[in-house]
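Peer 1: Before I ask anything, let me first share the structure, which is written out below as structure tokens.
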Amino acid sequence: MNKKKIGIIALIFVIVSGVTMIFANGIKNKQVVQKHDGKLQIVVTSFPQYDFARAVAGNNADIEMLIKPGVETHSYEPTPDDIQKIQNSDLFIYNGGENDEWVNGILDSLDMSKTRTLKLEDCVNLIEEDETVGLEGVATHSHDHDHEDEHNHDNEDEHSHDGHEHSTTDIEYDEHVWTSPINAIKIVKEINSVLNQLDKADAYEFDKNAKQYISEINDIDSQIRDIVKHAKRKTLVFGDRFPFKYFVEEYGLNYKAAFPGCSDEMEPSAETVSYLVNFIRQENIPVVLYVELSSQKVANTLASETGVKTMCLNSAHNLSQKDFENGATYVSIMKENIKTLKVALQ
């Protein structure tokens with residue numbers, strides 16, 4: 001959904017909300033009010049933000065995730081109800097990047113003076129997205145873009161989204177920032193800091209919860225580093241999209257993939273398939289990887305052609321309704337990824 005369309009929806013929402021308020025104020029005891037239960041109201045776009053906020057806030061906040069479990073994050077469009085939830089929240093956390101372009105239209109169109117905003121891309125060093133993965137002779141590349149010292153997340157100055165403009169318009173940054181556990185720790189720390197400012201009375205609990213979750217993520221990081229250190233190989237092959245740029249950069253891994261990070265392509269070129277099949281055979285790659293909620297079609301094709309097995313490396317971008325109901329977290333997902341890495345790098 002483009003920014004203009006989002007702006008129109010937001011404007012309609014503002015007009016309808018204003019009429020509703022006028023009408024409600026004219027009827028005694030009939031006003032519609034938001035129930036807060038004394039807790040912070042946090043709205044997030046997708047699962048990574050949800051899990052990090054949940055881990056830090058604990059029982060001291062109500063958290064609403066707009067993109068529900070099992071939903072394709074790349075095609076999400078906000079409803080008027082979603083927009084109202086954002087405007088009524090104490091804290092709105094979103095990722096940034098191409099998939100969250102709709103957010104800018106909302107933040108530009110609504111009065112967000114009472115809502116704090118936090119963008120995950122502003123918490124870490126960004127890496128330039130690689131659009132040419134999977135083909136022989138094409139070098140992958142990265143470009144760090146430091147956000148940690150140049151952004152002020154406080155609404156009293158400017159909203160976070162207003163402070164993030166790139167002078168080089170042709171550069172696209174990979175948005176899957178949380179896939180690196182080190183980045184996840186930076187994000188948890190930033191959420192911890194913001195929550196402390198919004199609710200000083202519960203700062204002790206926020207600090208304690210953040211410390212515990214960071215400890216768990218640090219343990220994940222240590223296990224991955226040990227696996228990579230003793231690995232037989234350093235290359236991962238994906239018969240799927242590739243949302244793990246921050247992950248492989250963090251641990252010094254190489255990769256081949258059928259599609260770049262957020263590609264909307266459904267079929268790789270014959271050249272790409274041929275190259276990946278030959279690469280798997282020549283390098284004795286033991287596993288072809290696919291990502292969560294994938295059709296697995298390309299991975300299965302590569303596996304069938306080469307006789308290797310397929311396994312999931314979960315980016316935690318979203319999860320199934322069943323996994324969500326069973327209490328899956330970023331940490332539990334990464335623990336499963338550790339099992340996959342042990343096999344894929346053997």
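Starting from 1 in every chain, residues are counted up; chains themselves are A, B, ... following the order of the structure tokens, and ligands are numbered from 1 as listed.
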Extract, using only C-alpha atoms, all DNA, RNA and protein residues at most 8 Å from Lys39 in chain A, discarding same-chain residues fewer than 2 positions from it, and format them as a list in words.

Peer 2: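 The contact residues come out as His36, Asp37, Gln41, Asn60, Ala61 and Asp62 of chain A.
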
Peer 1: What are the nearest atom pairs, with distances in Å to one decimal, for all residues of range 229-261 of chain A that come at most 12 Å from range 274-288 of chain A, using only C-alpha atoms, set out by chain and rising residue number as a Markdown table?

Peer 2:
```
| residue | atom | partner | partner_atom | distance |
| --- | --- | --- | --- | --- |
| A:Lys232 | CA | A:Ile285 | CA | 10.5 |
| A:Arg233 | CA | A:Ile285 | CA | 8.6 |
| A:Lys234 | CA | A:Ile285 | CA | 10.2 |
| A:Thr235 | CA | A:Ile285 | CA | 8.2 |
| A:Leu236 | CA | A:Val288 | CA | 7.8 |
| A:Val237 | CA | A:Val288 | CA | 5.5 |
| A:Phe238 | CA | A:Val288 | CA | 5.7 |
| A:Gly239 | CA | A:Val288 | CA | 6.2 |
| A:Asp240 | CA | A:Val288 | CA | 9.1 |
| A:Tyr255 | CA | A:Leu276 | CA | 10.8 |
| A:Lys256 | CA | A:Leu276 | CA | 7.4 |
| A:Ala257 | CA | A:Leu276 | CA | 7.8 |
| A:Ala258 | CA | A:Leu276 | CA | 7.8 |
| A:Phe259 | CA | A:Leu276 | CA | 11.5 |
```

Peer 1: Please determine, counting only C-alpha atoms, which residue among A:Phe47, A:Tyr76, A:Tyr213, A:Tyr290 has the shortest atom-to-atom distance to Arg241 in chain A.

Peer 2: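 Checking each candidate against Arg241 in chain A, we get A:Tyr290 as the closest.
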
Peer 1: Just the residues within 9 Å of Ile63 in chain A, please, counting only C-alpha atoms, with nothing from its chain fewer than 3 positions along; format it as a list of chain:residue names.

Peer 2: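 Surrounding residues, per the criterion: A:Leu40, A:Gln41, A:Ile42, A:Val43, A:Val44, A:Tyr50, A:Ala53, A:Arg54.
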
Peer 1: Could those residues be written to a file, using N, CA, C and O atoms, as a tab-separated table (two decimals), in the first residue's frame?

Peer 2:
```tsv
chain	number	residue	atom	x	y	z
A	40	LEU	N	0.75	0.19	30.56
A	40	LEU	CA	1.13	0.79	29.29
A	40	LEU	C	0.44	0.06	28.15
A	40	LEU	O	0.31	-1.17	28.16
A	41	GLN	N	0.02	0.82	27.16
A	41	GLN	CA	-0.58	0.24	25.96
A	41	GLN	C	0.46	0.29	24.84
A	41	GLN	O	0.85	1.37	24.39
A	42	ILE	N	0.92	-0.88	24.42
A	42	ILE	CA	1.96	-0.98	23.41
A	42	ILE	C	1.39	-1.64	22.16
A	42	ILE	O	0.75	-2.69	22.25
A	43	VAL	N	1.61	-1.02	21.02
A	43	VAL	CA	1.21	-1.60	19.73
A	43	VAL	C	2.47	-1.85	18.92
A	43	VAL	O	3.35	-0.98	18.84
A	44	VAL	N	2.56	-3.04	18.34
A	44	VAL	CA	3.72	-3.40	17.52
A	44	VAL	C	3.22	-3.91	16.18
A	44	VAL	O	2.07	-4.35	16.06
A	50	TYR	N	6.98	-7.65	19.07
A	50	TYR	CA	6.09	-8.18	20.10
A	50	TYR	C	6.88	-8.95	21.15
A	50	TYR	O	6.71	-8.74	22.36
A	53	ALA	N	9.24	-6.67	23.29
A	53	ALA	CA	8.45	-5.84	24.22
A	53	ALA	C	7.85	-6.69	25.32
A	53	ALA	O	7.84	-6.29	26.50
A	54	ARG	N	7.36	-7.88	24.97
A	54	ARG	CA	6.79	-8.79	25.96
A	54	ARG	C	7.82	-9.18	27.01
A	54	ARG	O	7.53	-9.21	28.20
```

Peer 1: Identify, on the basis of only C-alpha atoms, every residue whose closest approach to Asn209 in chain A does not exceed 9 Å; exclude the query and any residue fewer than 5 positions from it along the same chain; express the result as a VMD selection string.

Peer 2: chain A and resid 55 to 58 192 204 214

Peer 1: May I have the residues from that selection written out with C-alpha atoms, as a PDB file, in the first residue's frame?

Peer 2:
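In the end it all went to again.pdb:
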```pdb
ATOM      1  CA  ALA A  55      10.074  -9.928  27.427  1.00  0.00           C
ATOM      2  CA  VAL A  56      10.882  -6.517  28.902  1.00  0.00           C
ATOM      3  CA  ALA A  57       7.407  -5.325  29.918  1.00  0.00           C
ATOM      4  CA  GLY A  58       6.217  -8.574  31.443  1.00  0.00           C
ATOM      5  CA  ASN A 192      14.062  -1.210  28.174  1.00  0.00           C
ATOM      6  CA  TYR A 204      12.985  -1.969  38.319  1.00  0.00           C
ATOM      7  CA  ILE A 214      19.641 -10.465  27.375  1.00  0.00           C
TER       8      ILE A 214
END
```

Peer 1: Using only C-alpha atoms, pick whichever of A:Gln223, A:Asn95, A:Asn218, A:Thr301 has the shortest atom-to-atom distance to Ile185 in chain A.

Peer 2: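 Going through A:Gln223, A:Asn95, A:Asn218, A:Thr301 one by one, the smallest distance to Ile185 in chain A is for A:Asn218.
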
Peer 1: Expressed in Å to a single decimal, how great is the separation between CA of Leu341 in chain A and CA of Val248 in chain A?

Peer 2: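 Value for the CA of Leu341 in chain A-CA of Val248 in chain A distance: 11.6 Å.
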
Peer 1: Which one of A:Ser89, A:Ser46, A:Ser269, A:Ser75 sits closest to Leu120 in chain A if you count only C-alpha atoms?

Peer 2: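 Of A:Ser89, A:Ser46, A:Ser269, A:Ser75, the one nearest Leu120 in chain A, counting only C-alpha atoms, is A:Ser46.
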
Peer 1: Using DSSP on the backbone, list every residue of range 68-137 of chain A that comes out as alpha helix (DSSP H), and give them as a VMD selection string.

Peer 2: chain A and resid 80 to 88 101 to 109

Peer 1: Could you save those same residues with N, CA and C atoms as a compact mmCIF listing (two decimals), in the first residue's frame?

Peer 2:
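Written out: selection_10.txt:
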```txt
# COMPACT_ATOMS: atom_id res chain seq x y z
N PRO A 80 -8.64 0.58 9.44
CA PRO A 80 -8.92 1.75 10.29
C PRO A 80 -8.80 1.43 11.77
N ASP A 81 -9.18 0.22 12.16
CA ASP A 81 -9.05 -0.18 13.56
C ASP A 81 -7.59 -0.26 13.98
N ASP A 82 -6.73 -0.74 13.09
CA ASP A 82 -5.30 -0.79 13.38
C ASP A 82 -4.74 0.62 13.58
N ILE A 83 -5.17 1.53 12.73
CA ILE A 83 -4.71 2.91 12.83
C ILE A 83 -5.14 3.54 14.15
N GLN A 84 -6.36 3.24 14.58
CA GLN A 84 -6.85 3.76 15.86
C GLN A 84 -6.03 3.21 17.02
N LYS A 85 -5.69 1.93 16.93
CA LYS A 85 -4.89 1.31 17.99
C LYS A 85 -3.52 1.99 18.10
N ILE A 86 -2.94 2.30 16.95
CA ILE A 86 -1.64 2.98 16.96
C ILE A 86 -1.75 4.34 17.63
N GLN A 87 -2.75 5.12 17.24
CA GLN A 87 -2.90 6.47 17.77
C GLN A 87 -3.22 6.47 19.27
N ASN A 88 -3.91 5.44 19.73
CA ASN A 88 -4.30 5.38 21.14
C ASN A 88 -3.25 4.74 22.04
N GLU A 101 6.67 0.58 4.98
CA GLU A 101 6.49 1.87 4.34
C GLU A 101 5.14 2.50 4.68
N TRP A 102 4.13 1.65 4.90
CA TRP A 102 2.80 2.14 5.24
C TRP A 102 2.80 2.93 6.55
N VAL A 103 3.74 2.62 7.43
CA VAL A 103 3.80 3.30 8.73
C VAL A 103 4.05 4.79 8.55
N ASN A 104 4.92 5.15 7.63
CA ASN A 104 5.24 6.57 7.44
C ASN A 104 4.01 7.39 7.10
N GLY A 105 3.13 6.82 6.27
CA GLY A 105 1.91 7.52 5.91
C GLY A 105 1.02 7.78 7.11
N ILE A 106 0.96 6.82 8.01
CA ILE A 106 0.15 6.97 9.22
C ILE A 106 0.76 8.00 10.16
N LEU A 107 2.06 7.88 10.39
CA LEU A 107 2.71 8.80 11.32
C LEU A 107 2.70 10.24 10.81
N ASP A 108 2.71 10.39 9.49
CA ASP A 108 2.68 11.74 8.90
C ASP A 108 1.28 12.33 8.92
N SER A 109 0.24 11.48 8.99
CA SER A 109 -1.13 11.96 8.84
C SER A 109 -1.86 12.16 10.16
```

Peer 1: Please determine, counting only C-alpha atoms, which residue among A:Ile127, A:Ala328, A:Val291, A:Met112 has the shortest atom-to-atom distance to Lys245 in chain A.

Peer 2: A:Ile127

Peer 1: Identify, on the basis of only C-alpha atoms, every residue whose closest approach to Ile182 in chain A does not exceed 12 Å; exclude the query and any residue fewer than 3 positions from it along the same chain; express the result as a PyMOL selection string.

Peer 2: chain A and resi 123-125+177-179+185-189+214-222+224-225+246-251

Peer 1: Would you mind exporting the chosen residues as an mmCIF file, in the first residue's frame, restricted to C-alpha atoms?

Peer 2:
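In the end it all went to selection-v1.cif:
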```cif
data_model
loop_
_atom_site.group_PDB
_atom_site.id
_atom_site.type_symbol
_atom_site.label_atom_id
_atom_site.label_comp_id
_atom_site.auth_asym_id
_atom_site.auth_seq_id
_atom_site.Cartn_x
_atom_site.Cartn_y
_atom_site.Cartn_z
ATOM 1 C CA CYS A 123 18.616 0.711 17.145
ATOM 2 C CA VAL A 124 21.361 -0.955 15.107
ATOM 3 C CA ASN A 125 23.920 -0.517 12.336
ATOM 4 C CA VAL A 177 17.799 -6.503 11.805
ATOM 5 C CA TRP A 178 16.737 -8.823 14.641
ATOM 6 C CA THR A 179 18.179 -11.968 13.020
ATOM 7 C CA ILE A 185 20.264 -7.392 22.505
ATOM 8 C CA LYS A 186 20.619 -3.783 21.308
ATOM 9 C CA ILE A 187 16.895 -3.667 20.569
ATOM 10 C CA VAL A 188 15.957 -5.111 23.967
ATOM 11 C CA LYS A 189 18.138 -2.501 25.656
ATOM 12 C CA ILE A 214 19.641 -10.465 27.375
ATOM 13 C CA SER A 215 21.326 -13.234 29.353
ATOM 14 C CA GLU A 216 19.329 -15.827 27.410
ATOM 15 C CA ILE A 217 20.183 -14.209 24.075
ATOM 16 C CA ASN A 218 23.863 -14.020 25.066
ATOM 17 C CA ASP A 219 23.762 -17.755 25.685
ATOM 18 C CA ILE A 220 22.322 -18.271 22.206
ATOM 19 C CA ASP A 221 25.097 -16.118 20.757
ATOM 20 C CA SER A 222 27.779 -18.116 22.568
ATOM 21 C CA ILE A 224 26.256 -20.201 17.702
ATOM 22 C CA ARG A 225 29.836 -18.910 17.872
ATOM 23 C CA TYR A 246 22.679 -9.669 9.655
ATOM 24 C CA PHE A 247 23.023 -13.203 10.998
ATOM 25 C CA VAL A 248 25.687 -14.366 8.543
ATOM 26 C CA GLU A 249 27.577 -11.079 8.800
ATOM 27 C CA GLU A 250 27.667 -11.421 12.584
ATOM 28 C CA TYR A 251 29.110 -14.937 12.510
#
```

Peer 1: In terms of the shortest atom-to-atom distance over only C-alpha atoms, which of A:Asp100, A:Asp90, A:Glu172, A:Glu305 is closest to Ile67 in chain A?

Peer 2: A:Asp100
